[in-house]
Amino acid sequence: MAKQLLGKEVTAALNERIKGNVAALQEKGVNPTLCIIRVGENPSDISYEKGATKRCETLGVACEKILLPEDVAQDELLAVIDKVNKDDHIHGVLLFRPLPKHLDQAVIENALAAEKDVDCMTDLSMSGVFTGKKIGFPPCTPQACMEILDHYGIDCTGKKAVVIGRSLVVGKPAAMMLVKKNATVTICHTRTVDMPSVAKEADIVIVAAGRAGVIDAKYLRAGQTVIDVGINVNEEGKLCGDVNFADAEPVVDAITPVPGGVGSVTTSVLIEHVVDAALLKAGLDIL
């Protein structure tokens with residue numbers, strides 16, 4: 001049976017680190033603040049918003065919300081972003097995406113100041129992930145994957161890693177983060193030939209395929225660590241990952257469950273980015 005890499009243990013350690021940094025900021029009279037911008041009433045956005053708000057309250061971070069109608073004009077949304085860019089007491093901004101189709105998402109994303117871009121929305125922040133330069137912040141979900149690997153002492157140096165999925169949200173940045181940890185990385189996608197054989201060669205597998213239970217035992221072998229990024233709802237109405245857990249758990253050495261894995265860490269990573277943005281602005285060291 002595989003060891004379950006539980007997100008709650010990683011989150012607890014992260015939260016202690018965040019609380020220490022919040023205390024340092026408050027001693028200097030700085031109250032770290034997240035601004036959430038939501039367009040419309042998407043249920044998944046609202047769910048994540050509630051989780052982020054609650055985590056902010058727990059960790060002593062202020063949270064402001066700007067709620068806009070589904071049919072908001074592009075100029076109005078850009079004006080909102082310009083306002084939060086110029087607001088010195090707001091340290092981080094989370095804009096829910098995808099945006100409604102009548103809005104030019106690329107233009108809106110890149111209007112945000114990189115130093116407040118706590119979930120890697122802008123092209124400038126993403127360039128930091130790929131160049132290794134300290135520009136903005138990496139996307140929260142891939143960063144959560146790295147936090148899990150670090151917390152459980154899984155050394156990536158010299159290891160073969162496979163990332164299943166090539167999106168800019170998870171797959172590509174996760175690959176770059178693994179390279180930074182000195183892993184040798186292969187990215188698999190829908191056009192990969194004989195993906196099960198490729199995946200089986202890996203020591204570490206990060207799965208962000210976007211399909212429930214698509215990765216089963218034929219992709220896996222003993223000795224592997226599997227990080228399942230997927231969040232899906234199965235036919236029974238239950239949350240499940242992109243990995244068929246029942247198939248994988250008896251085979252691999254370690255695996256993140258869904259729920260209770262990567263998703264539970266991601267929110268704390270978001271809050272830590274807000275706090276780190278406040279520390280940088282205040283000229284303080286990050287613990």
# chains A, B, ... in the order shown; residues from 1 in each chain; ligands from 1

call {"tool": "residues_around", "arguments": {"residues": "range 37-54 of chain A", "least_positions_apart": "4", "cutoff": "12 Å", "atoms": "only C-alpha atoms", "output": "short mmCIF file (atom, residue, chain, number, x, y, z; two decimals) with N, CA and C atoms, in the first residue's frame"}}
result
data_model
loop_
_atom_site.label_atom_id
_atom_site.label_comp_id
_atom_site.auth_asym_id
_atom_site.auth_seq_id
_atom_site.Cartn_x
_atom_site.Cartn_y
_atom_site.Cartn_z
N THR A 33 -2.78 42.16 2.68
CA THR A 33 -4.16 42.21 2.17
C THR A 33 -4.26 41.58 0.78
N THR A 58 -8.08 32.87 9.17
CA THR A 58 -7.31 32.00 10.06
C THR A 58 -5.88 32.50 10.25
N LEU A 59 -5.31 33.07 9.18
CA LEU A 59 -3.89 33.41 9.18
C LEU A 59 -3.63 34.90 9.42
N GLY A 60 -4.67 35.68 9.65
CA GLY A 60 -4.48 37.09 9.97
C GLY A 60 -4.23 37.98 8.76
N VAL A 61 -4.70 37.53 7.59
CA VAL A 61 -4.54 38.31 6.36
C VAL A 61 -5.89 38.92 6.00
N ALA A 62 -5.90 40.20 5.67
CA ALA A 62 -7.14 40.87 5.28
C ALA A 62 -7.55 40.45 3.87
N CYS A 63 -8.85 40.42 3.63
CA CYS A 63 -9.36 40.02 2.31
C CYS A 63 -10.46 40.97 1.88
N GLU A 64 -10.25 41.62 0.75
CA GLU A 64 -11.25 42.50 0.17
C GLU A 64 -11.78 41.86 -1.11
N LYS A 65 -13.05 42.10 -1.41
CA LYS A 65 -13.67 41.50 -2.59
C LYS A 65 -14.27 42.57 -3.48
N ILE A 66 -14.05 42.38 -4.77
CA ILE A 66 -14.70 43.23 -5.77
C ILE A 66 -15.50 42.29 -6.67
N LEU A 67 -16.82 42.36 -6.56
CA LEU A 67 -17.71 41.45 -7.28
C LEU A 67 -18.37 42.21 -8.42
N LEU A 68 -18.19 41.70 -9.64
CA LEU A 68 -18.67 42.39 -10.83
C LEU A 68 -19.67 41.50 -11.58
N PRO A 69 -20.62 42.11 -12.29
CA PRO A 69 -21.61 41.31 -13.02
C PRO A 69 -21.00 40.59 -14.22
N GLU A 70 -21.66 39.53 -14.64
CA GLU A 70 -21.21 38.72 -15.77
C GLU A 70 -21.00 39.55 -17.04
N ASP A 71 -21.82 40.57 -17.22
CA ASP A 71 -21.76 41.39 -18.44
C ASP A 71 -20.92 42.66 -18.26
N VAL A 72 -20.01 42.68 -17.30
CA VAL A 72 -19.19 43.85 -17.07
C VAL A 72 -18.43 44.23 -18.35
N ALA A 73 -18.32 45.52 -18.60
CA ALA A 73 -17.58 46.00 -19.77
C ALA A 73 -16.08 45.88 -19.53
N GLN A 74 -15.34 45.65 -20.61
CA GLN A 74 -13.89 45.48 -20.49
C GLN A 74 -13.24 46.73 -19.88
N GLU A 76 -14.45 48.80 -17.81
CA GLU A 76 -14.75 48.87 -16.39
C GLU A 76 -13.85 47.93 -15.60
N LEU A 77 -13.66 46.72 -16.11
CA LEU A 77 -12.79 45.77 -15.42
C LEU A 77 -11.34 46.25 -15.43
N LEU A 78 -10.89 46.81 -16.54
CA LEU A 78 -9.52 47.35 -16.60
C LEU A 78 -9.35 48.50 -15.62
N VAL A 80 -10.90 48.77 -12.77
CA VAL A 80 -10.80 48.15 -11.45
C VAL A 80 -9.37 47.66 -11.21
N ILE A 81 -8.78 47.00 -12.21
CA ILE A 81 -7.42 46.50 -12.06
C ILE A 81 -6.44 47.65 -11.88
N LYS A 83 -7.04 50.45 -10.53
CA LYS A 83 -7.24 50.98 -9.17
C LYS A 83 -6.52 50.13 -8.13
N VAL A 84 -6.62 48.79 -8.24
CA VAL A 84 -5.95 47.94 -7.25
C VAL A 84 -4.43 47.97 -7.44
N GLY A 92 -1.77 41.65 -2.84
CA GLY A 92 -1.95 40.59 -3.81
C GLY A 92 -3.35 40.60 -4.39
N VAL A 93 -3.47 40.20 -5.66
CA VAL A 93 -4.77 40.22 -6.34
C VAL A 93 -5.02 38.85 -6.97
N LEU A 94 -6.21 38.32 -6.73
CA LEU A 94 -6.66 37.09 -7.37
C LEU A 94 -7.86 37.41 -8.25
N LEU A 95 -7.71 37.23 -9.56
CA LEU A 95 -8.80 37.40 -10.51
C LEU A 95 -9.21 36.03 -11.01
N PHE A 96 -10.47 35.67 -10.81
CA PHE A 96 -10.93 34.35 -11.26
C PHE A 96 -11.01 34.29 -12.78
N ARG A 97 -10.55 33.17 -13.30
CA ARG A 97 -10.60 32.90 -14.73
C ARG A 97 -11.12 31.49 -14.95
N PRO A 98 -11.64 31.18 -16.15
CA PRO A 98 -11.74 32.03 -17.33
C PRO A 98 -12.78 33.13 -17.17
N LEU A 99 -12.54 34.21 -17.90
CA LEU A 99 -13.47 35.33 -17.91
C LEU A 99 -14.55 35.10 -18.97
N PRO A 100 -15.67 35.80 -18.87
CA PRO A 100 -16.69 35.69 -19.91
C PRO A 100 -16.12 35.98 -21.29
N LYS A 101 -16.69 35.35 -22.30
CA LYS A 101 -16.12 35.37 -23.65
C LYS A 101 -16.08 36.76 -24.29
N HIS A 102 -16.93 37.68 -23.83
CA HIS A 102 -16.91 39.01 -24.45
C HIS A 102 -15.71 39.85 -23.99
N LEU A 103 -14.94 39.35 -23.02
CA LEU A 103 -13.77 40.06 -22.51
C LEU A 103 -12.49 39.49 -23.12
N GLN A 105 -9.33 38.25 -22.46
CA GLN A 105 -8.67 37.78 -21.24
C GLN A 105 -7.18 38.12 -21.22
N ILE A 108 -6.64 41.74 -20.21
CA ILE A 108 -7.00 41.97 -18.82
C ILE A 108 -5.97 41.35 -17.88
N GLU A 109 -5.55 40.13 -18.17
CA GLU A 109 -4.55 39.47 -17.32
C GLU A 109 -3.28 40.31 -17.22
N LEU A 112 -2.54 43.57 -14.86
CA LEU A 112 -2.23 43.50 -13.44
C LEU A 112 -0.72 43.68 -13.22
N ILE A 231 -9.06 17.63 -10.12
CA ILE A 231 -10.25 17.73 -9.27
C ILE A 231 -11.45 17.57 -10.18
N ASN A 232 -12.10 16.42 -10.09
CA ASN A 232 -13.24 16.10 -10.94
C ASN A 232 -14.38 15.58 -10.08
N GLY A 263 -5.08 20.12 -3.62
CA GLY A 263 -6.04 21.21 -3.50
C GLY A 263 -6.02 21.87 -2.14
N SER A 264 -5.82 21.08 -1.10
CA SER A 264 -5.84 21.64 0.25
C SER A 264 -4.60 22.48 0.54
N VAL A 265 -3.54 22.28 -0.23
CA VAL A 265 -2.30 23.05 -0.05
C VAL A 265 -2.35 24.35 -0.86
N THR A 266 -3.04 24.31 -1.99
CA THR A 266 -3.02 25.44 -2.93
C THR A 266 -3.48 26.74 -2.30
N THR A 267 -4.52 26.70 -1.48
CA THR A 267 -5.03 27.93 -0.86
C THR A 267 -4.00 28.56 0.06
N SER A 268 -3.29 27.74 0.82
CA SER A 268 -2.26 28.30 1.70
C SER A 268 -1.10 28.88 0.89
N VAL A 269 -0.78 28.27 -0.25
CA VAL A 269 0.26 28.84 -1.12
C VAL A 269 -0.16 30.23 -1.60
N LEU A 270 -1.44 30.36 -1.99
CA LEU A 270 -1.95 31.67 -2.41
C LEU A 270 -1.76 32.71 -1.31
N ILE A 271 -2.14 32.36 -0.08
CA ILE A 271 -2.03 33.31 1.02
C ILE A 271 -0.56 33.62 1.31
N GLU A 272 0.30 32.61 1.21
CA GLU A 272 1.73 32.87 1.43
C GLU A 272 2.27 33.85 0.39
N VAL A 274 0.65 36.27 -0.99
CA VAL A 274 0.19 37.61 -0.57
C VAL A 274 1.10 38.15 0.52
#

call {"tool": "residues_around", "arguments": {"residues": "Lys281 in chain A", "least_positions_apart": "2", "cutoff": "10 Å", "atoms": "only C-alpha atoms", "output": "list in words"}}
result
Val30, Asp88, His91, Glu115, Val275, Asp276, Ala277, Ala278, Leu279, Gly283 and Leu284 of chain A

call {"tool": "write_last_selection", "arguments": {"atoms": "N, CA and C atoms", "output": "mmCIF file, in the first residue's frame"}}
result
data_model
loop_
_atom_site.group_PDB
_atom_site.id
_atom_site.type_symbol
_atom_site.label_atom_id
_atom_site.label_comp_id
_atom_site.auth_asym_id
_atom_site.auth_seq_id
_atom_site.Cartn_x
_atom_site.Cartn_y
_atom_site.Cartn_z
ATOM 1 N N VAL A 30 2.121 46.780 9.157
ATOM 2 C CA VAL A 30 1.645 46.385 7.822
ATOM 3 C C VAL A 30 0.631 45.257 7.970
ATOM 4 N N ASP A 88 -1.863 51.070 -2.438
ATOM 5 C CA ASP A 88 -0.693 50.572 -1.710
ATOM 6 C C ASP A 88 -1.021 49.590 -0.600
ATOM 7 N N HIS A 91 -1.814 44.032 -1.382
ATOM 8 C CA HIS A 91 -0.528 43.410 -1.701
ATOM 9 C C HIS A 91 -0.625 42.308 -2.760
ATOM 10 N N GLU A 115 3.996 42.502 -9.393
ATOM 11 C CA GLU A 115 4.298 42.367 -7.965
ATOM 12 C C GLU A 115 3.063 42.036 -7.135
ATOM 13 N N VAL A 275 1.396 37.316 1.494
ATOM 14 C CA VAL A 275 2.249 37.729 2.612
ATOM 15 C C VAL A 275 3.664 38.035 2.121
ATOM 16 N N ASP A 276 4.179 37.200 1.222
ATOM 17 C CA ASP A 276 5.519 37.443 0.673
ATOM 18 C C ASP A 276 5.556 38.757 -0.116
ATOM 19 N N ALA A 277 4.472 39.055 -0.848
ATOM 20 C CA ALA A 277 4.393 40.328 -1.577
ATOM 21 C C ALA A 277 4.448 41.503 -0.611
ATOM 22 N N ALA A 278 3.765 41.360 0.522
ATOM 23 C CA ALA A 278 3.789 42.415 1.537
ATOM 24 C C ALA A 278 5.183 42.568 2.143
ATOM 25 N N LEU A 279 5.848 41.451 2.388
ATOM 26 C CA LEU A 279 7.218 41.492 2.935
ATOM 27 C C LEU A 279 8.173 42.194 1.964
ATOM 28 N N GLY A 283 10.222 45.688 2.486
ATOM 29 C CA GLY A 283 11.681 45.551 2.594
ATOM 30 C C GLY A 283 12.112 44.600 3.682
ATOM 31 N N LEU A 284 11.250 43.631 4.028
ATOM 32 C CA LEU A 284 11.555 42.652 5.065
ATOM 33 C C LEU A 284 11.954 41.318 4.454
#

call {"tool": "residues_around", "arguments": {"residues": "Ile215 in chain A", "least_positions_apart": "6", "cutoff": "10 Å", "atoms": "only C-alpha atoms", "output": "PyMOL selection string"}}
result
chain A and resi 164+195-196+199+207+209+228+241-245+247-248

call {"tool": "write_last_selection", "arguments": {"atoms": "N, CA and C atoms", "output": "CSV table (one decimal), in the first residue's frame"}}
result
chain,number,residue,atom,x,y,z
A,164,ILE,N,2.1,14.9,-16.7
A,164,ILE,CA,1.1,14.6,-17.7
A,164,ILE,C,0.1,15.8,-17.8
A,195,MET,N,2.1,6.6,-24.0
A,195,MET,CA,2.3,7.3,-22.8
A,195,MET,C,2.5,6.4,-21.6
A,196,PRO,N,1.8,5.3,-21.5
A,196,PRO,CA,2.0,4.4,-20.3
A,196,PRO,C,3.5,4.0,-20.1
A,199,ALA,N,5.4,7.1,-18.9
A,199,ALA,CA,5.1,7.4,-17.5
A,199,ALA,C,5.8,6.3,-16.5
A,207,VAL,N,0.3,14.5,-12.3
A,207,VAL,CA,-0.8,14.3,-13.3
A,207,VAL,C,-1.7,15.5,-13.2
A,209,ALA,N,-4.1,16.0,-16.1
A,209,ALA,CA,-4.6,15.6,-17.4
A,209,ALA,C,-6.0,16.3,-17.6
A,228,ASP,N,-1.3,13.9,-7.8
A,228,ASP,CA,-2.5,14.0,-8.6
A,228,ASP,C,-3.1,15.4,-8.4
A,241,GLY,N,-9.7,12.4,-8.5
A,241,GLY,CA,-8.6,13.0,-9.2
A,241,GLY,C,-8.5,12.5,-10.7
A,242,ASP,N,-7.4,12.8,-11.3
A,242,ASP,CA,-7.1,12.3,-12.7
A,242,ASP,C,-6.5,10.9,-12.6
A,243,VAL,N,-6.1,10.5,-11.4
A,243,VAL,CA,-5.5,9.2,-11.2
A,243,VAL,C,-6.6,8.3,-10.6
A,244,ASN,N,-6.7,7.1,-11.2
A,244,ASN,CA,-7.6,6.1,-10.6
A,244,ASN,C,-7.0,5.6,-9.3
A,245,PHE,N,-7.4,6.1,-8.2
A,245,PHE,CA,-6.7,5.9,-6.9
A,245,PHE,C,-6.7,4.4,-6.5
A,247,ASP,N,-6.7,1.9,-8.4
A,247,ASP,CA,-5.7,1.2,-9.2
A,247,ASP,C,-4.3,1.5,-8.8
A,248,ALA,N,-4.1,2.8,-8.5
A,248,ALA,CA,-2.7,3.2,-8.3
A,248,ALA,C,-2.2,2.9,-6.9

call {"tool": "residues_around", "arguments": {"residues": "Met146 in chain A", "least_positions_apart": "5", "cutoff": "9 Å", "atoms": "only C-alpha atoms", "output": "PyMOL selection string"}}
result
chain A and resi 141+151+174+177-178

call {"tool": "atom_distance", "arguments": {"atom1": "CA of Asp253 in chain A", "atom2": "CA of Met1 in chain A"}}
result
7.3 Å

call {"tool": "closest_residue", "arguments": {"among": "A:Lys28, A:Lys86, A:Lys8, A:Lys3", "to": "Ala113 in chain A", "atoms": "only C-alpha atoms"}}
result
A:Lys86

call {"tool": "select_by_dssp", "arguments": {"residues": "range 64-268 of chain A", "states": "alpha helix (DSSP H)", "output": "PyMOL selection string"}}
result
chain A and resi 74-86+105-109+123-131+140-151+171-180+195-200+245-248+262-268

call {"tool": "select_by_dssp", "arguments": {"residues": "range 6-103 of chain A", "states": "strand (DSSP E)", "output": "PyMOL selection string"}}
result
chain A and resi 33-39+62-68+92-95

call {"tool": "write_last_selection", "arguments": {"atoms": "N, CA and C atoms", "output": "PDB file, in the first residue's frame"}}
result
ATOM      1  N   THR A  33      -2.782  42.164   2.677  1.00  0.00           N
ATOM      2  CA  THR A  33      -4.158  42.207   2.168  1.00  0.00           C
ATOM      3  C   THR A  33      -4.260  41.581   0.780  1.00  0.00           C
ATOM      4  N   LEU A  34      -5.223  40.679   0.649  1.00  0.00           N
ATOM      5  CA  LEU A  34      -5.567  40.064  -0.630  1.00  0.00           C
ATOM      6  C   LEU A  34      -6.826  40.723  -1.175  1.00  0.00           C
ATOM      7  N   CYS A  35      -6.839  41.030  -2.459  1.00  0.00           N
ATOM      8  CA  CYS A  35      -8.046  41.513  -3.125  1.00  0.00           C
ATOM      9  C   CYS A  35      -8.511  40.451  -4.117  1.00  0.00           C
ATOM     10  N   ILE A  36      -9.737  39.988  -3.957  1.00  0.00           N
ATOM     11  CA  ILE A  36     -10.333  39.012  -4.870  1.00  0.00           C
ATOM     12  C   ILE A  36     -11.264  39.742  -5.824  1.00  0.00           C
ATOM     13  N   ILE A  37     -11.046  39.543  -7.126  1.00  0.00           N
ATOM     14  CA  ILE A  37     -11.924  40.111  -8.154  1.00  0.00           C
ATOM     15  C   ILE A  37     -12.658  38.952  -8.822  1.00  0.00           C
ATOM     16  N   ARG A  38     -13.982  38.962  -8.698  1.00  0.00           N
ATOM     17  CA  ARG A  38     -14.787  37.891  -9.319  1.00  0.00           C
ATOM     18  C   ARG A  38     -15.802  38.504 -10.274  1.00  0.00           C
ATOM     19  N   VAL A  39     -15.826  37.958 -11.484  1.00  0.00           N
ATOM     20  CA  VAL A  39     -16.807  38.373 -12.493  1.00  0.00           C
ATOM     21  C   VAL A  39     -17.858  37.271 -12.611  1.00  0.00           C
ATOM     22  N   ALA A  62      -5.896  40.199   5.671  1.00  0.00           N
ATOM     23  CA  ALA A  62      -7.138  40.867   5.284  1.00  0.00           C
ATOM     24  C   ALA A  62      -7.546  40.445   3.873  1.00  0.00           C
ATOM     25  N   CYS A  63      -8.854  40.422   3.628  1.00  0.00           N
ATOM     26  CA  CYS A  63      -9.356  40.018   2.308  1.00  0.00           C
ATOM     27  C   CYS A  63     -10.462  40.972   1.878  1.00  0.00           C
ATOM     28  N   GLU A  64     -10.247  41.621   0.746  1.00  0.00           N
ATOM     29  CA  GLU A  64     -11.254  42.500   0.167  1.00  0.00           C
ATOM     30  C   GLU A  64     -11.785  41.856  -1.112  1.00  0.00           C
ATOM     31  N   LYS A  65     -13.052  42.101  -1.408  1.00  0.00           N
ATOM     32  CA  LYS A  65     -13.673  41.497  -2.587  1.00  0.00           C
ATOM     33  C   LYS A  65     -14.267  42.569  -3.479  1.00  0.00           C
ATOM     34  N   ILE A  66     -14.048  42.382  -4.772  1.00  0.00           N
ATOM     35  CA  ILE A  66     -14.696  43.229  -5.773  1.00  0.00           C
ATOM     36  C   ILE A  66     -15.500  42.294  -6.668  1.00  0.00           C
ATOM     37  N   LEU A  67     -16.816  42.360  -6.561  1.00  0.00           N
ATOM     38  CA  LEU A  67     -17.708  41.455  -7.283  1.00  0.00           C
ATOM     39  C   LEU A  67     -18.371  42.212  -8.422  1.00  0.00           C
ATOM     40  N   LEU A  68     -18.189  41.697  -9.636  1.00  0.00           N
ATOM     41  CA  LEU A  68     -18.671  42.385 -10.832  1.00  0.00           C
ATOM     42  C   LEU A  68     -19.672  41.505 -11.580  1.00  0.00           C
ATOM     43  N   GLY A  92      -1.773  41.655  -2.838  1.00  0.00           N
ATOM     44  CA  GLY A  92      -1.950  40.591  -3.811  1.00  0.00           C
ATOM     45  C   GLY A  92      -3.350  40.603  -4.392  1.00  0.00           C
ATOM     46  N   VAL A  93      -3.469  40.203  -5.656  1.00  0.00           N
ATOM     47  CA  VAL A  93      -4.766  40.221  -6.340  1.00  0.00           C
ATOM     48  C   VAL A  93      -5.018  38.852  -6.972  1.00  0.00           C
ATOM     49  N   LEU A  94      -6.211  38.323  -6.732  1.00  0.00           N
ATOM     50  CA  LEU A  94      -6.662  37.086  -7.371  1.00  0.00           C
ATOM     51  C   LEU A  94      -7.859  37.411  -8.254  1.00  0.00           C
ATOM     52  N   LEU A  95      -7.706  37.226  -9.556  1.00  0.00           N
ATOM     53  CA  LEU A  95      -8.801  37.400 -10.511  1.00  0.00           C
ATOM     54  C   LEU A  95      -9.215  36.029 -11.010  1.00  0.00           C
TER      55      LEU A  95
END

call {"tool": "closest_residue", "arguments": {"among": "A:Ile227, A:Val214, A:Leu149, A:Val185", "to": "Ala161 in chain A", "atoms": "only C-alpha atoms"}}
result
A:Val185

call {"tool": "residues_around", "arguments": {"residues": "Thr184 in chain A", "least_positions_apart": "6", "cutoff": "10 Å", "atoms": "only C-alpha atoms", "output": "number ranges by chain"}}
result
A: 156-162, 175, 178, 202-203
